[in-house]
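Peer 1: Sharing a structure, written as structure tokens. Questions coming.
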Amino acid sequence: MESPFKVDIVKGKVALITEGGSRIGFEITNEFGKHGASVAIMGRRKSVLHYAVSSLRSLGIQAIAFVGDVGKNEDATRVVDATFAHFGRIGILVNVAAGNFLVPAENLSPNGFKTVMDIDTVGTFRMCHEALKYIKKRGLGRETSGGGTILNISVTLHYSATWYQIHVCEAKIPTMKNNQSGAPMHRFISGEKWDIAIAALYLASDAAKHINGTILVVDGGDLFNRASHVSKEAVKEMSRSVEKRSRSGALAPESGVPTRSKM
């Protein structure tokens, strides 16, 4: 798909993306690189990182990769320090890394819950904590005054009950739903990684320099979709019934006019 932004919208910036070698993370990495940023990706699978870097470099993107787990303090420190040592600055951190599995609430073990929290919640904080010391340094673009951008990719699962995902709702991990019929905008949500990447690109650019501490929901309107408890036909029938009763005066005591009984 064709980008709506200029090709140099993040030129000169350096971005570190966790889990940046696959899925949504790679799409974000790819768009950042195609729009001028130098990128560093972090992940646990060496083969995936190697393939991702090869693909990025074939497009002329300055890219490096580091094997590391956001769930480990030493890995977070090592990767952030190495990224700064290589590029001389870090202006953007994108936290994408997450862990997930499906399990009924009653079968979720404390260890399983802790594992997801350690990756999604604590891991995100850990990366922010390590990167902040470099993001605060003076750099290019938005970072000239000493600052940068931190983006946390999350989900909307925690806004409502989601089957087999109590641990995910607590940690708010990144994933996508696969349902077109229920989306108000009638678009497939799963697979639209490009939309997430473009939104991230906008927030990381100087075009969003006055935007801070906000949540941008990119889900085709799915957040506002709620399953109907009553069919449309039933609603119409009830509406006709109420209208008939109203015309006959049966609803007079409930018309909003206060009534008083004699004692």
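Note on naming: chains are A, B, ... as they come in the structure tokens, residues start from 1 per chain, ligands start from 1 in the order shown.
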Pick out the residues sitting within 12 Å of stretch 193-196 of chain A, and hand them over as a VMD selection string; count only C-alpha atoms, and ignore anything fewer than 5 positions along from it in its own chain.

Peer 2: chain A and resid 1 to 4 22 to 32 94 96 151 to 155 174 to 177 187 to 188 201 to 203 216 to 220

Peer 1: Using only C-alpha atoms, find each residue of stretch 7-41 of chain A with at least one atom at most 12 Å away from an atom of stretch 118-141 of chain A; report its shortest atom-to-atom pair and that distance in Å (one decimal), sort the rows by chain and rising residue number, and return the result as JSON lines.

Peer 2:
{"residue": "A:Asp8", "atom": "CA", "partner": "A:Gly141", "partner_atom": "CA", "distance": 11.8}
{"residue": "A:Ile9", "atom": "CA", "partner": "A:Gly141", "partner_atom": "CA", "distance": 10.0}
{"residue": "A:Val10", "atom": "CA", "partner": "A:Gly141", "partner_atom": "CA", "distance": 8.3}
{"residue": "A:Lys11", "atom": "CA", "partner": "A:Gly141", "partner_atom": "CA", "distance": 8.8}
{"residue": "A:Gly12", "atom": "CA", "partner": "A:Leu140", "partner_atom": "CA", "distance": 6.7}
{"residue": "A:Lys13", "atom": "CA", "partner": "A:Leu140", "partner_atom": "CA", "distance": 6.6}
{"residue": "A:Val14", "atom": "CA", "partner": "A:Leu140", "partner_atom": "CA", "distance": 9.3}
{"residue": "A:Ala15", "atom": "CA", "partner": "A:Ile135", "partner_atom": "CA", "distance": 10.1}
{"residue": "A:Leu16", "atom": "CA", "partner": "A:Ala131", "partner_atom": "CA", "distance": 9.0}
{"residue": "A:Ile17", "atom": "CA", "partner": "A:Met127", "partner_atom": "CA", "distance": 10.0}
{"residue": "A:Thr18", "atom": "CA", "partner": "A:Met127", "partner_atom": "CA", "distance": 8.7}
{"residue": "A:Glu19", "atom": "CA", "partner": "A:Ile119", "partner_atom": "CA", "distance": 11.4}
{"residue": "A:Ala37", "atom": "CA", "partner": "A:Leu140", "partner_atom": "CA", "distance": 11.2}

Peer 1: Could the residues in this selection be saved with all heavy atoms as a compact mmCIF listing (two decimals), in the first residue's frame?

Peer 2:
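Final output, result_2.txt:
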# COMPACT_ATOMS: atom_id res chain seq x y z
N ASP A 8 10.73 10.97 3.76
CA ASP A 8 11.76 11.35 4.73
C ASP A 8 11.16 11.85 6.05
O ASP A 8 11.81 12.59 6.79
CB ASP A 8 12.67 12.42 4.14
CG ASP A 8 11.93 13.71 3.78
OD1 ASP A 8 10.67 13.70 3.80
OD2 ASP A 8 12.60 14.71 3.49
N ILE A 9 9.95 11.43 6.37
CA ILE A 9 9.26 11.98 7.54
C ILE A 9 9.98 11.68 8.86
O ILE A 9 9.85 12.42 9.83
CB ILE A 9 7.80 11.48 7.59
CG1 ILE A 9 6.99 12.29 8.61
CG2 ILE A 9 7.72 9.99 7.88
CD1 ILE A 9 5.51 12.02 8.57
N VAL A 10 10.74 10.59 8.91
CA VAL A 10 11.51 10.29 10.13
C VAL A 10 13.01 10.16 9.80
O VAL A 10 13.75 9.47 10.49
CB VAL A 10 11.00 9.00 10.81
CG1 VAL A 10 9.67 9.23 11.50
CG2 VAL A 10 10.93 7.84 9.84
N LYS A 11 13.43 10.86 8.77
CA LYS A 11 14.82 10.81 8.36
C LYS A 11 15.74 11.29 9.48
O LYS A 11 15.48 12.29 10.13
CB LYS A 11 15.04 11.69 7.13
CG LYS A 11 16.47 11.64 6.59
CD LYS A 11 16.60 12.49 5.34
CE LYS A 11 18.03 12.42 4.80
NZ LYS A 11 18.17 13.25 3.57
N GLY A 12 16.82 10.55 9.72
CA GLY A 12 17.78 10.92 10.74
C GLY A 12 17.46 10.40 12.13
O GLY A 12 18.28 10.52 13.04
N LYS A 13 16.29 9.82 12.30
CA LYS A 13 15.92 9.30 13.62
C LYS A 13 16.38 7.85 13.76
O LYS A 13 16.58 7.14 12.77
CB LYS A 13 14.40 9.37 13.81
CG LYS A 13 13.84 10.80 13.83
CD LYS A 13 12.33 10.77 14.01
CE LYS A 13 11.75 12.18 14.00
NZ LYS A 13 12.16 12.96 15.18
N VAL A 14 16.57 7.44 15.00
CA VAL A 14 16.96 6.06 15.31
C VAL A 14 15.88 5.43 16.15
O VAL A 14 15.49 5.97 17.18
CB VAL A 14 18.31 6.02 16.06
CG1 VAL A 14 18.62 4.59 16.50
CG2 VAL A 14 19.43 6.57 15.20
N ALA A 15 15.39 4.27 15.70
CA ALA A 15 14.31 3.59 16.40
C ALA A 15 14.74 2.19 16.84
O ALA A 15 15.36 1.45 16.08
CB ALA A 15 13.08 3.49 15.50
N LEU A 16 14.38 1.84 18.07
CA LEU A 16 14.60 0.50 18.59
C LEU A 16 13.23 -0.15 18.75
O LEU A 16 12.36 0.39 19.46
CB LEU A 16 15.32 0.55 19.94
CG LEU A 16 15.40 -0.75 20.74
CD1 LEU A 16 16.10 -1.85 19.94
CD2 LEU A 16 16.13 -0.52 22.07
N ILE A 17 13.03 -1.28 18.09
CA ILE A 17 11.73 -1.95 18.10
C ILE A 17 11.87 -3.35 18.68
O ILE A 17 12.63 -4.17 18.14
CB ILE A 17 11.13 -2.04 16.67
CG1 ILE A 17 11.00 -0.66 16.05
CG2 ILE A 17 9.76 -2.72 16.71
CD1 ILE A 17 12.14 -0.27 15.15
N THR A 18 11.18 -3.63 19.77
CA THR A 18 11.21 -4.98 20.33
C THR A 18 10.30 -5.88 19.49
O THR A 18 9.24 -5.44 19.03
CB THR A 18 10.76 -5.02 21.80
OG1 THR A 18 9.38 -4.66 21.89
CG2 THR A 18 11.60 -4.04 22.63
N GLU A 19 10.71 -7.12 19.32
CA GLU A 19 10.01 -8.06 18.43
C GLU A 19 9.82 -7.43 17.06
O GLU A 19 8.77 -7.59 16.41
CB GLU A 19 8.64 -8.45 19.03
CG GLU A 19 8.06 -9.75 18.48
CD GLU A 19 8.96 -10.94 18.75
OE1 GLU A 19 9.51 -11.03 19.87
OE2 GLU A 19 9.13 -11.77 17.84
N ALA A 37 14.33 6.35 8.76
CA ALA A 37 14.92 6.07 10.08
C ALA A 37 15.93 4.93 10.01
O ALA A 37 15.85 4.05 9.14
CB ALA A 37 13.83 5.71 11.07

Peer 1: Rounded to one decimal, what separation in Å do you get between atom CA of A:Asn212 and atom CA of A:Ile198?

Peer 2: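 Value for the atom CA of A:Asn212-atom CA of A:Ile198 distance: 17.2 Å.
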
Peer 1: Nearest to A:Val70 among A:Ser38, A:Thr149, A:Thr115, A:Ser205, with distances taken over only C-alpha atoms: which residue is it?

Peer 2: A:Thr115

Peer 1: Please report, as a list in words, each residue of stretch 95-128 of chain A to which DSSP assigns alpha helix (DSSP H) when run on this structure's backbone.

Peer 2: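 Matching residues, listed in order: Pro110, Asn111, Gly112, Phe113, Lys114, Thr115, Val116, Met117, Gly123, Thr124, Phe125, Arg126, Met127 and Cys128 of chain A.
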